[in-house]
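Engineer: Starting off with a structure, shown below.
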2 protein chains.
Amino acid sequence: MSRILYDLPVSNSIFFNTQHSPIGAFASFTLGQKGARGGLGLEMAKPADENVFVGAESSEGGVFDALPFFGEKAAGRERYDISPTTGPGDVSVLRQWPDKEIRRELTPCRDTWQVKDFEFAIHTPVMPVPDPRKGPREAMKLALVPAVTAEITLDNRKGRRPRKVFFGYQGSGVHAGMRTFQSPGGVIGITQGMNCAIATDAGGMVLAQGFTAPDLLVVENEANLNHAIGAVAMLIGTVPAGKRCRFRFAVCFHRSGRATSGMDTAYWYSKYFPDIESVARYALANFDRVHSRGKSFERATSKARMDANQSFMFAQAVHSYYGSTEFLDAGGKPFWIVNEGEYRMMNTFDLTADHMFFEMALNPWTVRNELDWYADRFAYRDRVRFPGERKTYPGGVSFPHDMGVANTVSPHGASSYEQSGLTGCFSFMTHEELVNWVLCGLVYTVRSGDAAWARKRSSLFAACLESMMRRDHPVPAKRNGLMGLDSDRCTGGAEITTYDSLDVSLGQARNNVYLAVKSWAAYVGMEDFFRRLGKEDDADRAAEQASRCAVSVAGALNAEGFIPAVIGEGVESRVIPAIEGLVFPHVMGLRGCLSRQGRFGRLIRALETHLNTVLKPGVCLFPNGGWKMSSTSENTWLSKIYLCQFVATDVLRSLKRPDLAAAHAAHARWLRDDPDNAYWAWSDQVVGGKVKGSKYYPRGITSILWTGLLR
Amino acid sequence: MSRILYDLPVSNSIFFNTQHSPIGAFASFTLGQKGARGGLGLEMAKPADENVFVGAESSEGGVFDALPFFGEKAAGRERYDISPTTGPGDVSVLRQWPDKEIRRELTPCRDTWQVKDFEFAIHTPVMPVPDPRKGPREAMKLALVPAVTAEITLDNRKGRRPRKVFFGYQGSGVHAGMRTFQSPGGVIGITQGMNCAIATDAGGMVLAQGFTAPDLLVVENEANLNHAIGAVAMLIGTVPAGKRCRFRFAVCFHRSGRATSGMDTAYWYSKYFPDIESVARYALANFDRVHSRGKSFERATSKARMDANQSFMFAQAVHSYYGSTEFLDAGGKPFWIVNEGEYRMMNTFDLTADHMFFEMALNPWTVRNELDWYADRFAYRDRVRFPGERKTYPGGVSFPHDMGVANTVSPHGASSYEQSGLTGCFSFMTHEELVNWVLCGLVYTVRSGDAAWARKRSSLFAACLESMMRRDHPVPAKRNGLMGLDSDRCTGGAEITTYDSLDVSLGQARNNVYLAVKSWAAYVGMEDFFRRLGKEDDADRAAEQASRCAVSVAGALNAEGFIPAVIGEGVESRVIPAIEGLVFPHVMGLRGCLSRQGRFGRLIRALETHLNTVLKPGVCLFPNGGWKMSSTSENTWLSKIYLCQFVATDVLRSLKRPDLAAAHAAHARWLRDDPDNAYWAWSDQVVGGKVKGSKYYPRGITSILWTGLLR
């Protein structure tokens, strides 16, 4: 995974944004695109669009070079000095290094820019968060300290004069101003208000604040480095002639007090760190440990068989994932949240089912935590009805689409997203989320070995089974394993799937092949689950539904060799995610269910045939080799493609990894598209090569499946 | 003061922003300019630029009319539904009332828009805040509850169908999303996160949230009024046919927890109101009292002899003043702050000296509070030197320019503004702020009768006297009453005055006629102060300095009948603020000092001559009749003009009030200039008819002098 970007063609820009985020702080130090397009963002749906200044004095002295992470922004001086007697500082003293001289290296835990004798690196945490019920306080602090580390190295061994180095930014927040601080332990820092700081304990570094970066670099009077009305603040150090020096920094975030409305919470870290100064002190006093929080993950994933494009996408995905994580204390109860990127919906359940693979590899307790919150606060019960009919039948338990949005927790049983009477985007996802609870719960149970939780939740699993069956058909004898009835919450509309912005091929839930195979996976998993608990009746019922579902799906394979997207409703679209659900039995270890010769052999073979049929140019392949989820939609989703690619190579084994090289190259090129897509770090929904939705998004972490960590 | 804007010519737009602010909350519900140019701003340097929706269903039904306070803003739906199956709601159902049909009425405490049978009014508090050392809790709550009230009235008595009314907004904050809440007492509200809310307890009103206002007004399914991912939220009510209904609202602000860095504080109101819901409940439960908080002030000031333009400027100034006020609790100590408008510097001392007149009329304890903070935390001691010399002489006590900026409190003895080595903007204001402490202290003492404070601070007054004298000349015999030495904090630069962005005519402190007359006022005030305390030595020294100063200034009157802006340095500019300092003896009741025949008769006559000389077109009058502070600068400041106008009419009595009509008309026209100046509510610095600095500013409150309340 090393130096993965060195060899990319020039057309593949290295100037893409990457989110550099602590764990669970809903924060991102975003950097990479040229201009004021990154910065320190807290709880934001996008980059902070701030000028970031990081660079060094040139060897000739008096002129400064910086990475190109700043642009034109009003300096502020002219607001005060409206008939200036002296001009502003000479802006030409601050240059940007030419693009071509900059090398960048990205891993899931490290982002490095190197130009001549200068290097800037950001190290981000990727490590298990201990279970808060058991984790020692010190381990929790280390995992959760809301800071990432950075280093500047300047090699001035050939230099004949001392050279300055600098790291700072111009805050974009509208409430508090920029300020500097000094803290015990030789810690100094710059911050906007109380929320976003860059701090150092490097000897000889000084604080500087003023209107512009050039003002601070070429200052005649050192006493004037404290201009607190200026919007730019920097940390400035000096490397003596003949020396190579490394300066270390902590980029810190902090929110004290109430974090959410709708339900009172606080950031979990705030019990260890009362303010941003304490974050800075801890991160710097424990620098090596904080700095190394991604090392073992890097080691483990560097062995994965991924090509350079995969490595890049995986790294970007991990970075954006952590940017959406938020860990709260709800009156003593841990509350793990993954925000939905630009949408900031909380724990969107259909994303949870995709994120789960990553969480199971790192901290399975977060999956349990989300399932418990869904079970205890958000579950609801409904009735169901056939399309076009007003008569309702008993439904059962299900779960809403999400737990709230942008730090507002939804009321009991409600999501922020779902609306009544619709047949497309914003309709209810009752069946999808029901299946998602079951699948996440099954994977958690099997892989964590948490038998106590399985027992505690067994009646809810049984209720979920019953609820799924009732959504199939009210008359048991007429059940075919597929969803046939919509929730009455739709009030005559129709349920949708997670593919809410696609056409009916993936958007409609009822009889959808994608949801059918996921439902089958839930049934086979529940059969196993109940069998282990000795609940033979429930196991048998699940088994029967699994068989019915398998028969229905396999039986829908048509003469052209594909299964229509919506079975039996005349929607002949061809969709790749028909195979998506196969991932669950795989990670549950139910390999027998996936055998071509086994009990569900006909289903597996039908899906393999389906995949081979649809994975053709003009059907489910774009001209550039990229995967197209549905033959009838131009909108394709990278997260789901990653997942389905894994199913194709590792579950069905109908493709070999090298077969995907062109697809990976096409997908990576989309993400690096500068200046459009590259602004949004990792994004999901691509239409015509441009990200159109689900920007700045956590879901790409389905690529964890590529690493083999979940084997 | 009633209906003051009805009769203004059309060229004088009624679409100017006005700040509607609680007392001490550093908050503003800004409204008045067309488009998304107002909104609910907390701790901001400018309007929040939010869509505000307030209006009613038309009498034909199904179509809605609103005040024109919204513009084009991305609705948000397209971010989710990127290949929409259903279009957005019909936006043409929401119209804006034509400009010409709208009538507006503004007073310091009320802002009303009336169109046909619809009326919207905002009522803002203007009332004394009780001294927190003595004020009863309930009185403090009433004064400080961080809410303003609003009312919608729709007269549907001629209507044949029920008609909806609505009030809501689209939040612009980047952190939390919009949300709705229900609270005990039948209170419902909409808010962005925990900070900015509109609430009501009007029976029958409902909560609505979604992507666009039309979506919420024309909704087929009432269950869908809760779309929590939407950025628009509204309160919607219905007026039956044949009825006239009034709906009441509280527009609320709240910040919990730490309010500032540099020093720990919290908003004083937060001890009464833990969250924004509690603010809403209190404001609505005590609606009539909260609604009436400006009534007595309105009654008192409505008797003032002001023309319509003055009334408008005074009202705008009062509104903007409160938008900058911030009342904090610093570990139990009251901390009264007036932020400096768009600059947000805290208690900028040269503004305090102008704001003092208003505070003395309403809550004199705030002046004492600011002086105590300057004395106890911010005072510093320096040495002084002659221009061009390196040798230093003993200086003395003085005070920095401000106490911090944008909720960051400065370190002890420092301002956020002052820098070393300068001769213009951002240099030190040591002498100016020293004189300001003395003048504020004297006015407070004389007018409040707080003898205990006068005794407690008498030694500081003495130190200030000594400090002023040392800045005159190190050799007592050579003193002339004028400032002759600069603080060594300037490290070779030169001190400036509050007129920091003007040319040398008002910008240079040393030998400046503006600062000289203020210094004279400080000396005559201190003579009186020490005389009362029986400190005859100090009184005599002050008297001697007063005489020297008067002789120097009067003696500088030249053959052309004016006193040069900088005495004895060859700066021949003519400046109106030469007379500014006369206001202080006036409000201190030292009328004898202001007599043409008295002890300082020669000074008074010289200043009168000066004023008559300079107040001429091409000198200190603009072609449109506006006052031009300095003959050599195009930059003029309304706050200071108001003050000098008062000196001209009420202190010198050399002008009659009607003489100023053209000037008032010109000044009012500047403020209403739409779309430029009118965006910034009340602003100070005007160049060429455009506000160029000091926008959204508190200082216009010098116009309190026009009202006679300080007689």
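Chains: A, B, ... in order of the structure tokens. Residues: from 1 per chain. Ligands: from 1, in order shown.
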When you get a sec, could you note down which chain B residues fall within 8 Å of chain A, using only C-alpha atoms, as a ChimeraX atom specification?
Structural biologist: /B:42-45,79-86,174-177,179,193-194,221,223-224,226-229,256-257,260-261,343,345,404-408,416-421,424-425,500-503,692-694
Engineer: Let's see if you can do this: from backbone DSSP, list all strand (DSSP E) residues in region 278-523 of chain B, as JSON, numbers by chain.
Structural biologist: {"B": [325, 326, 327, 328, 329, 330, 333, 334, 335, 336, 337, 338, 380, 381, 382, 383, 384, 385, 393, 394, 395, 396, 397, 398, 404, 405, 408, 409, 486, 487]}
Engineer: Skip region 285-302 of chain B itself and residues of its chain fewer than 3 positions away, then list as a list of chain:residue names all residues within 7 Å of it, counting only C-alpha atoms.
Structural biologist: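 Close residues of region 285-302 of chain B: B:Met1, B:Pro108, B:Cys109, B:His123, B:Thr124, B:Pro125, B:Val126, B:Met127, B:Leu142, B:Thr149, B:Arg281, B:Tyr282, B:Thr707.
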Engineer: Which polymer residues have any atom within 10 Å of an atom of Val446 (chain A), counting only C-alpha atoms, with same-chain residues fewer than 5 positions away left out, as a list in words?
Structural biologist: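 Residues near the query, excluding close chain neighbours: Gly441, Ala451, Ala454, Gly525, Asp528, Phe529, Val587, Met588 and Gly589 of chain A.
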Engineer: Write the residues of the selection above to a file with C-alpha atoms, as a CSV table (one decimal), in the first residue's frame.
Structural biologist:
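Output contents, as saved in out-v2.csv:
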chain,number,residue,atom,x,y,z
A,441,GLY,CA,-27.9,-8.8,14.5
A,451,ALA,CA,-24.4,-15.5,23.3
A,454,ALA,CA,-28.4,-13.4,21.3
A,525,GLY,CA,-29.3,-16.8,9.1
A,528,ASP,CA,-29.1,-21.1,12.0
A,529,PHE,CA,-29.7,-18.6,14.9
A,587,VAL,CA,-19.5,-13.5,6.7
A,588,MET,CA,-21.8,-15.6,8.9
A,589,GLY,CA,-19.8,-18.6,7.9
Engineer: If we count only C-alpha atoms and set the cut-off at 6 Å, which residues sit around region 324-340 of chain A, ignoring sequence neighbours fewer than 4 positions away in its own chain? Please answer as a list in words.
Structural biologist: Gly24, Ala25, Phe26, Thr265, Ala266, Tyr267, Trp268, Arg344, Met345, Met346 and Asn347 of chain A
Engineer: With only C-alpha atoms as the atoms that count, which of B:Ile23, B:Ala315, B:Cys464, B:Leu442 lies nearest to Leu144 (chain B)?
Structural biologist: B:Ile23
Engineer: Running DSSP on the backbone, which parts of region 604-636 of chain B land in helix (DSSP H, G or I), as an NGL selection string?
Structural biologist: :B and (604-614)
Engineer: Can those selected residues be exported to a file as a PDB file, in the first residue's frame so that it contains N, CA, C and O atoms?
Structural biologist:
ATOM      1  N   ILE B 604     -14.610  78.519  24.747  1.00  0.00           N
ATOM      2  CA  ILE B 604     -15.948  78.261  24.208  1.00  0.00           C
ATOM      3  C   ILE B 604     -16.196  79.131  22.984  1.00  0.00           C
ATOM      4  O   ILE B 604     -16.705  78.650  21.952  1.00  0.00           O
ATOM      5  N   ARG B 605     -15.803  80.384  23.087  1.00  0.00           N
ATOM      6  CA  ARG B 605     -16.020  81.287  21.946  1.00  0.00           C
ATOM      7  C   ARG B 605     -15.168  80.859  20.742  1.00  0.00           C
ATOM      8  O   ARG B 605     -15.611  80.917  19.595  1.00  0.00           O
ATOM      9  N   ALA B 606     -13.969  80.419  21.041  1.00  0.00           N
ATOM     10  CA  ALA B 606     -13.103  79.966  19.943  1.00  0.00           C
ATOM     11  C   ALA B 606     -13.719  78.754  19.234  1.00  0.00           C
ATOM     12  O   ALA B 606     -13.708  78.660  17.998  1.00  0.00           O
ATOM     13  N   LEU B 607     -14.257  77.863  20.016  1.00  0.00           N
ATOM     14  CA  LEU B 607     -14.859  76.667  19.408  1.00  0.00           C
ATOM     15  C   LEU B 607     -16.115  77.019  18.623  1.00  0.00           C
ATOM     16  O   LEU B 607     -16.390  76.433  17.572  1.00  0.00           O
ATOM     17  N   GLU B 608     -16.863  77.987  19.148  1.00  0.00           N
ATOM     18  CA  GLU B 608     -18.051  78.432  18.424  1.00  0.00           C
ATOM     19  C   GLU B 608     -17.651  79.062  17.085  1.00  0.00           C
ATOM     20  O   GLU B 608     -18.245  78.767  16.037  1.00  0.00           O
ATOM     21  N   THR B 609     -16.654  79.901  17.137  1.00  0.00           N
ATOM     22  CA  THR B 609     -16.130  80.507  15.909  1.00  0.00           C
ATOM     23  C   THR B 609     -15.660  79.426  14.943  1.00  0.00           C
ATOM     24  O   THR B 609     -15.971  79.427  13.744  1.00  0.00           O
ATOM     25  N   HIS B 610     -14.923  78.479  15.512  1.00  0.00           N
ATOM     26  CA  HIS B 610     -14.423  77.369  14.706  1.00  0.00           C
ATOM     27  C   HIS B 610     -15.573  76.648  14.000  1.00  0.00           C
ATOM     28  O   HIS B 610     -15.533  76.418  12.785  1.00  0.00           O
ATOM     29  N   LEU B 611     -16.605  76.311  14.755  1.00  0.00           N
ATOM     30  CA  LEU B 611     -17.725  75.577  14.174  1.00  0.00           C
ATOM     31  C   LEU B 611     -18.375  76.386  13.045  1.00  0.00           C
ATOM     32  O   LEU B 611     -18.649  75.843  11.963  1.00  0.00           O
ATOM     33  N   ASN B 612     -18.597  77.642  13.301  1.00  0.00           N
ATOM     34  CA  ASN B 612     -19.227  78.481  12.276  1.00  0.00           C
ATOM     35  C   ASN B 612     -18.349  78.570  11.027  1.00  0.00           C
ATOM     36  O   ASN B 612     -18.853  78.632   9.909  1.00  0.00           O
ATOM     37  N   THR B 613     -17.061  78.547  11.241  1.00  0.00           N
ATOM     38  CA  THR B 613     -16.140  78.639  10.110  1.00  0.00           C
ATOM     39  C   THR B 613     -16.148  77.370   9.266  1.00  0.00           C
ATOM     40  O   THR B 613     -16.160  77.409   8.033  1.00  0.00           O
ATOM     41  N   VAL B 614     -16.137  76.250   9.947  1.00  0.00           N
ATOM     42  CA  VAL B 614     -15.937  74.995   9.198  1.00  0.00           C
ATOM     43  C   VAL B 614     -17.239  74.450   8.614  1.00  0.00           C
ATOM     44  O   VAL B 614     -17.205  73.696   7.633  1.00  0.00           O
TER      45      VAL B 614
END
Engineer: Quick one: of B:Phe600, B:Trp453, B:Trp97, B:Phe530, who's nearest to Lys116 (chain B), counting only C-alpha atoms?
Structural biologist: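 Nearest candidate to Lys116 (chain B) out of B:Phe600, B:Trp453, B:Trp97, B:Phe530: B:Trp97.
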Engineer: Excluding region 615-629 of chain B and any residue of its chain fewer than 3 positions from it, enumerate the residues within 9 Å of it, using only C-alpha atoms, and give them as a list in words.
Structural biologist: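 What passes the distance filter is Leu506, Arg574, Val575, Ile576, Pro577, His610, Leu611, Asn612, Thr632, Ser633, Glu634, Asn635, Thr636, Trp637, Leu638, Lys640, Ile641, Leu660, Ala661, Ala662, Ala663, His664, Ala665, Ala666 and His667 of chain B.
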Engineer: Okay, now the selection with C-alpha atoms, as a PDB file, in the first residue's frame?
Structural biologist:
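Result went into out_35.pdb, see below:
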ATOM      1  CA  LEU B 506      -8.326  63.258  13.322  1.00  0.00           C
ATOM      2  CA  ARG B 574     -10.587  71.674   9.762  1.00  0.00           C
ATOM      3  CA  VAL B 575     -12.518  69.180  11.843  1.00  0.00           C
ATOM      4  CA  ILE B 576     -15.969  69.253  13.351  1.00  0.00           C
ATOM      5  CA  PRO B 577     -15.054  67.025  16.341  1.00  0.00           C
ATOM      6  CA  HIS B 610     -14.423  77.369  14.706  1.00  0.00           C
ATOM      7  CA  LEU B 611     -17.725  75.577  14.174  1.00  0.00           C
ATOM      8  CA  ASN B 612     -19.227  78.481  12.276  1.00  0.00           C
ATOM      9  CA  THR B 632      -9.383  66.696   4.299  1.00  0.00           C
ATOM     10  CA  SER B 633     -11.178  63.329   4.448  1.00  0.00           C
ATOM     11  CA  GLU B 634     -14.169  61.981   2.574  1.00  0.00           C
ATOM     12  CA  ASN B 635     -14.788  59.569   5.422  1.00  0.00           C
ATOM     13  CA  THR B 636     -17.457  60.738   7.839  1.00  0.00           C
ATOM     14  CA  TRP B 637     -18.928  59.045  10.917  1.00  0.00           C
ATOM     15  CA  LEU B 638     -22.590  59.328  11.743  1.00  0.00           C
ATOM     16  CA  LYS B 640     -19.875  61.412  15.971  1.00  0.00           C
ATOM     17  CA  ILE B 641     -21.933  63.734  13.815  1.00  0.00           C
ATOM     18  CA  LEU B 660     -30.078  70.565  10.671  1.00  0.00           C
ATOM     19  CA  ALA B 661     -32.997  69.267   8.638  1.00  0.00           C
ATOM     20  CA  ALA B 662     -31.026  68.951   5.417  1.00  0.00           C
ATOM     21  CA  ALA B 663     -28.203  67.192   7.203  1.00  0.00           C
ATOM     22  CA  HIS B 664     -30.549  64.711   8.861  1.00  0.00           C
ATOM     23  CA  ALA B 665     -32.219  64.005   5.538  1.00  0.00           C
ATOM     24  CA  ALA B 666     -28.868  63.340   3.898  1.00  0.00           C
ATOM     25  CA  HIS B 667     -27.709  61.085   6.705  1.00  0.00           C
TER      26      HIS B 667
END
Engineer: Using Å and a single decimal, report how far CA of Ala509 (chain B) sits from CA of Phe461 (chain B).
Structural biologist: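 Spanning CA of Phe461 (chain B) to CA of Ala509 (chain B) is a straight-line distance of 21.1 Å.
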